[in-house]
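Below is one structure, written out as structure tokens; comments come after it.
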Amino acid sequence: MTQRDTHRTIALTDQRNTCLPLPITLQNASLPLGSNGQLLDTRGRALRDLRISVTDRCNFRCNYCMPKEIFDKDHVYLKHADLLSFEEITRLASIFVAQGVQKIRLTGGEPLLRKNIERLIEQLANLRTPEGKALDLTLTTNGSLLARKARDLKSAGLQRVTVSLDGLNDAVFRQMNDVDFPVADVLHGIDAAREAGLGPIKINMVVKRGTNEAEILPMAQRFKGSGMVLRFIEYMDVGATNSWRMHEVMPSCEVVQLIQSVLPLVQLEASQPGETAERWGYADALGRHDSAAGEIGVISSVTQAFCSSCNRARLSTEGQLYLCLFAQQGYDLRSLVRKPSSDAELANTIGNIWQGRTDRYSELRSALPQDAGAPTRRIEMSYIGG
Ligand code: SAM
Ligand code: SF4
Ligand code: SF4
């Protein structure tokens with residue numbers, strides 16, 4: 001068997017089609033809630049953040065996410081009929097919002113590849129929390145289509161975007177996206193997003209040791225004082241196709257040290273509970289945070305588990321609910337939405353699922369040997385979104 005054949009035995013399709021049994025739900029039963037009326041899981045974590053994947057397709061082949069050898073021309077993507085429609089997504093989202101979700105992030109695959117995504121954004125932008133507040137509505141994109149779409153996204157009601165950018169050096173960037181996409185086009189996209197008012201913009205850089213660590217300082221220098229927050233993300237063992245190894249992870253503490261050696265930083269407090277990024281502000285000559293220079297964030301998904309405050313649920317492209325980025329299976333909400341189920345039934349099912357949540361993969365991983373590879377049966381990031 002060749003290396004390529006070995007990869008091919010990874011049952012992506014099987015994983016997408018198996019799901020956990022839905023909890024039995026009594027239509028009018030009311031769910032026990034936390035003292036402040038919040039829906040809590042078994043570890044007391046509230047449901048606050050919903051990530052919705054709108055497509056499993058992407059025009060990039062980042063090797064940490066959709067390696068070319070696996071996601072090649074023979075890869076079978078979901079059929080259009082299998083995807084949740086915009087109406088189904090909005091109905092489910094409205095129920096999640098009634099259950100406590102305050103922030104929705106659209107993701108993928110590449111979310112801007114989903115046809116008429118602006119229509120979905122319009123629908124989601126009309127949702128209100130039980131307190132009558134608009135949602136924090138955002139989207140993560142590789143930026144390749146932003147220059148063309150930024151204004152329409154803003155008019156549709158999108159508030160802000162996060163753009164993934166793994167380096168400024170064109171050769172490194174082309175190597176990382178593996179489809180020879182020029183960095184200049186993403187930078188134009190970022191400019192267009194800024195001009196359209198899609199801010200504050202966050203820039204996500206996945207750091208892979210041996211590939212793009214030389215880009216850390218140029219990226220920090222470029223975005224310092226720009227009003228955008230650059231976040232460095234540890235390369236994660238998500239999915240089962242990226243051949244992840246611990247020695248390719250550059251711990252966030254090393255990233256901070258490297259930047260500190262040239263651009264002094266001071267640590268800042270988390271701006272909200274459950275925030276995944278540790279915040280570091282650029283310091284002035286007196287060692288205080290210089291707010292005009294801005295800040296960076298580091299997301300230490302591998303070296304510092306933040307499961308204890310994880311308040312995220314993920315809805316896959318075909319309507320499976322995942323309670324953890326590293327889950328092996330999801331709950332099939334599409335089957336419920338597509339048969340005549342009342343909103344109360346859906347709400348109770350979602351509530352029961354969340355209340356039974358025990359997930360804490362990253363905490364458990366910390367106990368594994370340093371260079372243990374990733375388990376092979378896991379769902380792909382491009383399917384449930386980052
Ligand atoms: N295509 C869009 C993009 O790249 O921004 C949205 C989907 S992508 C799966 C969401 C985020 O996940 C991106 O910021 C990407 O860099 C990150 N990501 C994907 N695979 C990762 C990995 N193995 N480790 C850390 N971050 C990863
Ligand atoms: Fe596509 Fe985003 Fe994955 Fe890169 S990280 S392959 S852009 S989905
Ligand atoms: Fe949340 Fe799972 Fe990540 Fe822990 S490992 S922070 S539970 S998504």
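Naming works like this for the structure tokens: A, B, ... for the chains as they're shown, residue 1 at the start of each chain, ligands 1 onward in shown order.
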At most 8 Å from ligand 2 (only C-alpha atoms and all ligand atoms): residue list as number ranges by chain: A: 56-67, 108-110, 141-142, 164, 177, 381-382, 385-386
9 Å shell around ligand 3 using only C-alpha atoms and all ligand atoms, listed as a VMD selection string: chain A and resid 276 301 to 302 305 to 314 323 to 327 358 to 365
Serialized selection, N, CA, C and O atoms, as a JSON list (two decimals), in the first residue's frame:
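Saved result, selection26.json, follows:
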[["chain", "number", "residue", "atom", "x", "y", "z"],
["A", 276, "THR", "N", -11.02, 32.68, 23.72],
["A", 276, "THR", "CA", -10.00, 31.66, 23.47],
["A", 276, "THR", "C", -8.61, 32.27, 23.36],
["A", 276, "THR", "O", -7.62, 31.60, 23.63],
["A", 301, "SER", "N", -4.40, 26.33, 21.56],
["A", 301, "SER", "CA", -5.31, 25.18, 21.61],
["A", 301, "SER", "C", -4.60, 23.89, 21.99],
["A", 301, "SER", "O", -5.21, 22.99, 22.53],
["A", 302, "VAL", "N", -3.29, 23.81, 21.71],
["A", 302, "VAL", "CA", -2.58, 22.57, 21.98],
["A", 302, "VAL", "C", -1.89, 22.62, 23.34],
["A", 302, "VAL", "O", -2.01, 21.70, 24.14],
["A", 305, "ALA", "N", -5.01, 24.00, 27.27],
["A", 305, "ALA", "CA", -6.41, 23.69, 26.98],
["A", 305, "ALA", "C", -7.33, 24.72, 27.61],
["A", 305, "ALA", "O", -7.09, 25.17, 28.72],
["A", 306, "PHE", "N", -8.35, 25.14, 26.84],
["A", 306, "PHE", "CA", -9.33, 26.07, 27.43],
["A", 306, "PHE", "C", -10.71, 25.44, 27.44],
["A", 306, "PHE", "O", -11.73, 26.12, 27.32],
["A", 307, "CYS", "N", -10.76, 24.11, 27.61],
["A", 307, "CYS", "CA", -12.03, 23.40, 27.61],
["A", 307, "CYS", "C", -12.95, 23.87, 28.74],
["A", 307, "CYS", "O", -14.17, 23.88, 28.58],
["A", 308, "SER", "N", -12.37, 24.26, 29.88],
["A", 308, "SER", "CA", -13.22, 24.56, 31.04],
["A", 308, "SER", "C", -14.15, 25.75, 30.77],
["A", 308, "SER", "O", -15.16, 25.90, 31.43],
["A", 309, "SER", "N", -13.80, 26.60, 29.78],
["A", 309, "SER", "CA", -14.69, 27.73, 29.50],
["A", 309, "SER", "C", -15.26, 27.65, 28.08],
["A", 309, "SER", "O", -15.75, 28.63, 27.54],
["A", 310, "CYS", "N", -15.20, 26.47, 27.48],
["A", 310, "CYS", "CA", -15.61, 26.36, 26.06],
["A", 310, "CYS", "C", -17.12, 26.40, 25.93],
["A", 310, "CYS", "O", -17.82, 25.50, 26.38],
["A", 311, "ASN", "N", -17.62, 27.45, 25.30],
["A", 311, "ASN", "CA", -19.07, 27.66, 25.22],
["A", 311, "ASN", "C", -19.59, 27.55, 23.78],
["A", 311, "ASN", "O", -20.58, 28.16, 23.42],
["A", 312, "ARG", "N", -18.87, 26.74, 22.94],
["A", 312, "ARG", "CA", -19.18, 26.69, 21.51],
["A", 312, "ARG", "C", -19.87, 25.42, 21.07],
["A", 312, "ARG", "O", -19.48, 24.33, 21.47],
["A", 313, "ALA", "N", -20.85, 25.61, 20.19],
["A", 313, "ALA", "CA", -21.42, 24.46, 19.48],
["A", 313, "ALA", "C", -21.15, 24.68, 18.00],
["A", 313, "ALA", "O", -20.95, 25.82, 17.55],
["A", 314, "ARG", "N", -21.11, 23.59, 17.26],
["A", 314, "ARG", "CA", -20.82, 23.70, 15.83],
["A", 314, "ARG", "C", -21.88, 22.96, 15.02],
["A", 314, "ARG", "O", -22.19, 21.80, 15.33],
["A", 323, "LEU", "N", -20.34, 19.05, 19.47],
["A", 323, "LEU", "CA", -20.14, 19.75, 20.74],
["A", 323, "LEU", "C", -18.67, 20.03, 21.00],
["A", 323, "LEU", "O", -18.32, 20.67, 21.99],
["A", 324, "CYS", "N", -17.81, 19.55, 20.11],
["A", 324, "CYS", "CA", -16.37, 19.75, 20.28],
["A", 324, "CYS", "C", -15.72, 19.66, 18.90],
["A", 324, "CYS", "O", -16.15, 18.87, 18.06],
["A", 325, "LEU", "N", -14.68, 20.46, 18.71],
["A", 325, "LEU", "CA", -13.94, 20.44, 17.45],
["A", 325, "LEU", "C", -13.33, 19.06, 17.18],
["A", 325, "LEU", "O", -13.06, 18.69, 16.05],
["A", 326, "PHE", "N", -13.13, 18.31, 18.26],
["A", 326, "PHE", "CA", -12.48, 17.02, 18.12],
["A", 326, "PHE", "C", -13.45, 15.86, 18.25],
["A", 326, "PHE", "O", -13.04, 14.72, 18.46],
["A", 327, "ALA", "N", -14.73, 16.15, 18.16],
["A", 327, "ALA", "CA", -15.73, 15.09, 18.32],
["A", 327, "ALA", "C", -15.64, 14.11, 17.15],
["A", 327, "ALA", "O", -15.24, 14.47, 16.05],
["A", 358, "THR", "N", -20.13, 16.60, 27.78],
["A", 358, "THR", "CA", -19.02, 16.35, 28.71],
["A", 358, "THR", "C", -17.67, 16.70, 28.07],
["A", 358, "THR", "O", -16.63, 16.57, 28.71],
["A", 359, "ASP", "N", -17.65, 17.12, 26.79],
["A", 359, "ASP", "CA", -16.42, 17.21, 25.99],
["A", 359, "ASP", "C", -15.31, 18.06, 26.63],
["A", 359, "ASP", "O", -15.56, 19.16, 27.12],
["A", 360, "ARG", "N", -14.08, 17.53, 26.55],
["A", 360, "ARG", "CA", -12.91, 18.29, 27.01],
["A", 360, "ARG", "C", -11.66, 17.64, 26.40],
["A", 360, "ARG", "O", -10.70, 17.30, 27.10],
["A", 361, "TYR", "N", -11.71, 17.52, 25.09],
["A", 361, "TYR", "CA", -10.65, 16.81, 24.38],
["A", 361, "TYR", "C", -9.25, 17.37, 24.68],
["A", 361, "TYR", "O", -8.32, 16.63, 24.97],
["A", 362, "SER", "N", -9.10, 18.70, 24.58],
["A", 362, "SER", "CA", -7.75, 19.27, 24.72],
["A", 362, "SER", "C", -7.18, 19.02, 26.11],
["A", 362, "SER", "O", -5.97, 18.81, 26.26],
["A", 363, "GLU", "N", -8.04, 19.06, 27.10],
["A", 363, "GLU", "CA", -7.56, 18.77, 28.46],
["A", 363, "GLU", "C", -7.04, 17.33, 28.53],
["A", 363, "GLU", "O", -6.00, 17.07, 29.10],
["A", 364, "LEU", "N", -7.78, 16.43, 27.91],
["A", 364, "LEU", "CA", -7.38, 15.02, 27.96],
["A", 364, "LEU", "C", -6.11, 14.79, 27.14],
["A", 364, "LEU", "O", -5.25, 14.01, 27.51],
["A", 365, "ARG", "N", -5.99, 15.54, 26.03],
["A", 365, "ARG", "CA", -4.82, 15.39, 25.18],
["A", 365, "ARG", "C", -3.53, 15.75, 25.93],
["A", 365, "ARG", "O", -2.48, 15.15, 25.71]]
Contacts of Pro111 of chain A within 7 Å, only C-alpha atoms, excl. fewer than 4 positions in-chain, as JSON, numbers by chain: {"A": [54, 55, 106, 107, 141]}
Separation of atom CA of Glu275 of chain A from atom CA of Ala367 of chain A, in Å and rounded to one decimal: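 Atom CA of Ala367 of chain A lies 23.1 Å from atom CA of Glu275 of chain A.
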Shell around segment 80-93 of chain A at 10 Å using only C-alpha atoms, local window under 4 positions removed, as a PyMOL selection string: chain A and resi 50-56+97-99+101+104+116-117+119-127+315-320+333-334+337-338+343+346-347+350
Per-residue nearest contacts segment 100-121 of chain A to segment 40-48 of chain A, cut-off 7 Å, using only C-alpha atoms, as a tab-separated table:
residue	atom	partner	partner_atom	distance
A:Gly100	CA	A:Arg48	CA	5.6
A:Val101	CA	A:Arg48	CA	4.0
A:Gln102	CA	A:Arg48	CA	5.5
A:Lys103	CA	A:Arg48	CA	6.5
Strand (DSSP E) call set, DSSP backbone run, segment 78-177 of chain A, as a PyMOL selection string: chain A and resi 103-107+136-141+160-164
Could you please take those selected residues and save N, CA, C and O atoms as a PDB file, in the first residue's frame?
ATOM      1  N   LYS A 103     -23.525  34.760  19.758  1.00  0.00           N
ATOM      2  CA  LYS A 103     -22.572  35.037  18.675  1.00  0.00           C
ATOM      3  C   LYS A 103     -22.675  33.915  17.628  1.00  0.00           C
ATOM      4  O   LYS A 103     -22.689  32.739  17.995  1.00  0.00           O
ATOM      5  N   ILE A 104     -22.762  34.307  16.369  1.00  0.00           N
ATOM      6  CA  ILE A 104     -22.779  33.316  15.290  1.00  0.00           C
ATOM      7  C   ILE A 104     -21.636  33.624  14.334  1.00  0.00           C
ATOM      8  O   ILE A 104     -21.462  34.765  13.894  1.00  0.00           O
ATOM      9  N   ARG A 105     -20.865  32.586  14.042  1.00  0.00           N
ATOM     10  CA  ARG A 105     -19.779  32.730  13.081  1.00  0.00           C
ATOM     11  C   ARG A 105     -20.043  31.802  11.904  1.00  0.00           C
ATOM     12  O   ARG A 105     -20.242  30.597  12.089  1.00  0.00           O
ATOM     13  N   LEU A 106     -20.050  32.354  10.690  1.00  0.00           N
ATOM     14  CA  LEU A 106     -20.192  31.508   9.496  1.00  0.00           C
ATOM     15  C   LEU A 106     -18.803  31.076   9.068  1.00  0.00           C
ATOM     16  O   LEU A 106     -17.856  31.868   9.062  1.00  0.00           O
ATOM     17  N   THR A 107     -18.699  29.803   8.700  1.00  0.00           N
ATOM     18  CA  THR A 107     -17.396  29.279   8.357  1.00  0.00           C
ATOM     19  C   THR A 107     -17.566  28.161   7.343  1.00  0.00           C
ATOM     20  O   THR A 107     -18.592  28.040   6.698  1.00  0.00           O
ATOM     21  N   ASP A 136     -23.925  39.036  17.604  1.00  0.00           N
ATOM     22  CA  ASP A 136     -22.577  39.313  17.120  1.00  0.00           C
ATOM     23  C   ASP A 136     -22.410  38.367  15.925  1.00  0.00           C
ATOM     24  O   ASP A 136     -22.248  37.169  16.092  1.00  0.00           O
ATOM     25  N   LEU A 137     -22.521  38.926  14.708  1.00  0.00           N
ATOM     26  CA  LEU A 137     -22.556  38.087  13.498  1.00  0.00           C
ATOM     27  C   LEU A 137     -21.262  38.285  12.705  1.00  0.00           C
ATOM     28  O   LEU A 137     -20.966  39.388  12.259  1.00  0.00           O
ATOM     29  N   THR A 138     -20.524  37.218  12.545  1.00  0.00           N
ATOM     30  CA  THR A 138     -19.223  37.338  11.895  1.00  0.00           C
ATOM     31  C   THR A 138     -18.957  36.148  10.981  1.00  0.00           C
ATOM     32  O   THR A 138     -19.790  35.235  10.881  1.00  0.00           O
ATOM     33  N   LEU A 139     -17.830  36.189  10.299  1.00  0.00           N
ATOM     34  CA  LEU A 139     -17.526  35.162   9.304  1.00  0.00           C
ATOM     35  C   LEU A 139     -16.017  34.991   9.215  1.00  0.00           C
ATOM     36  O   LEU A 139     -15.275  35.973   9.313  1.00  0.00           O
ATOM     37  N   THR A 140     -15.562  33.750   9.065  1.00  0.00           N
ATOM     38  CA  THR A 140     -14.130  33.508   8.875  1.00  0.00           C
ATOM     39  C   THR A 140     -13.908  33.130   7.420  1.00  0.00           C
ATOM     40  O   THR A 140     -14.588  32.252   6.892  1.00  0.00           O
ATOM     41  N   THR A 141     -12.945  33.778   6.793  1.00  0.00           N
ATOM     42  CA  THR A 141     -12.724  33.547   5.360  1.00  0.00           C
ATOM     43  C   THR A 141     -11.229  33.505   5.041  1.00  0.00           C
ATOM     44  O   THR A 141     -10.423  34.097   5.760  1.00  0.00           O
ATOM     45  N   ARG A 160     -18.583  41.941  11.012  1.00  0.00           N
ATOM     46  CA  ARG A 160     -17.119  41.947  10.929  1.00  0.00           C
ATOM     47  C   ARG A 160     -16.639  40.640  10.318  1.00  0.00           C
ATOM     48  O   ARG A 160     -17.435  39.713  10.152  1.00  0.00           O
ATOM     49  N   VAL A 161     -15.361  40.584   9.993  1.00  0.00           N
ATOM     50  CA  VAL A 161     -14.787  39.353   9.435  1.00  0.00           C
ATOM     51  C   VAL A 161     -13.472  39.019  10.137  1.00  0.00           C
ATOM     52  O   VAL A 161     -12.785  39.898  10.662  1.00  0.00           O
ATOM     53  N   THR A 162     -13.162  37.721  10.099  1.00  0.00           N
ATOM     54  CA  THR A 162     -11.829  37.256  10.474  1.00  0.00           C
ATOM     55  C   THR A 162     -11.225  36.709   9.190  1.00  0.00           C
ATOM     56  O   THR A 162     -11.865  35.912   8.490  1.00  0.00           O
ATOM     57  N   VAL A 163     -10.008  37.157   8.880  1.00  0.00           N
ATOM     58  CA  VAL A 163      -9.365  36.694   7.649  1.00  0.00           C
ATOM     59  C   VAL A 163      -8.161  35.833   8.019  1.00  0.00           C
ATOM     60  O   VAL A 163      -7.345  36.221   8.860  1.00  0.00           O
ATOM     61  N   SER A 164      -8.068  34.665   7.401  1.00  0.00           N
ATOM     62  CA  SER A 164      -6.918  33.791   7.651  1.00  0.00           C
ATOM     63  C   SER A 164      -5.780  34.204   6.730  1.00  0.00           C
ATOM     64  O   SER A 164      -5.982  34.365   5.526  1.00  0.00           O
TER      65      SER A 164
END
For Glu213 of chain A: contacts at 9 Å, only C-alpha atoms, fewer than 5 positions along chain excluded, given as a list in words: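 Listing them by chain and then by number gives Gly167, Val207, Lys208, Met250 and Val255 of chain A.
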Backbone-only DSSP, alpha helix (DSSP H) members of segment 109-357 of chain A, as number ranges by chain: A: 117-125, 146-156, 170-177, 183-196, 216-223, 252-260, 333-338, 343-355
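Minimum distance to ligand 1 across A:Pro340, A:Gly189, A:Pro273, A:Gly239 (counting only C-alpha atoms and all ligand atoms) occurs at A:Gly239.
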Proximity to Val229 of chain A - best of A:Asn204, A:Thr241, A:Thr129, A:Thr211, only C-alpha atoms: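 Among the listed residues, the smallest separation from Val229 of chain A belongs to A:Asn204.
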Who sits within 8 Å of segment 291-298 of chain A, only C-alpha atoms, same chain under 6 positions skipped, as a ChimeraX atom specification: /A:220,224-233,252,256,277-282
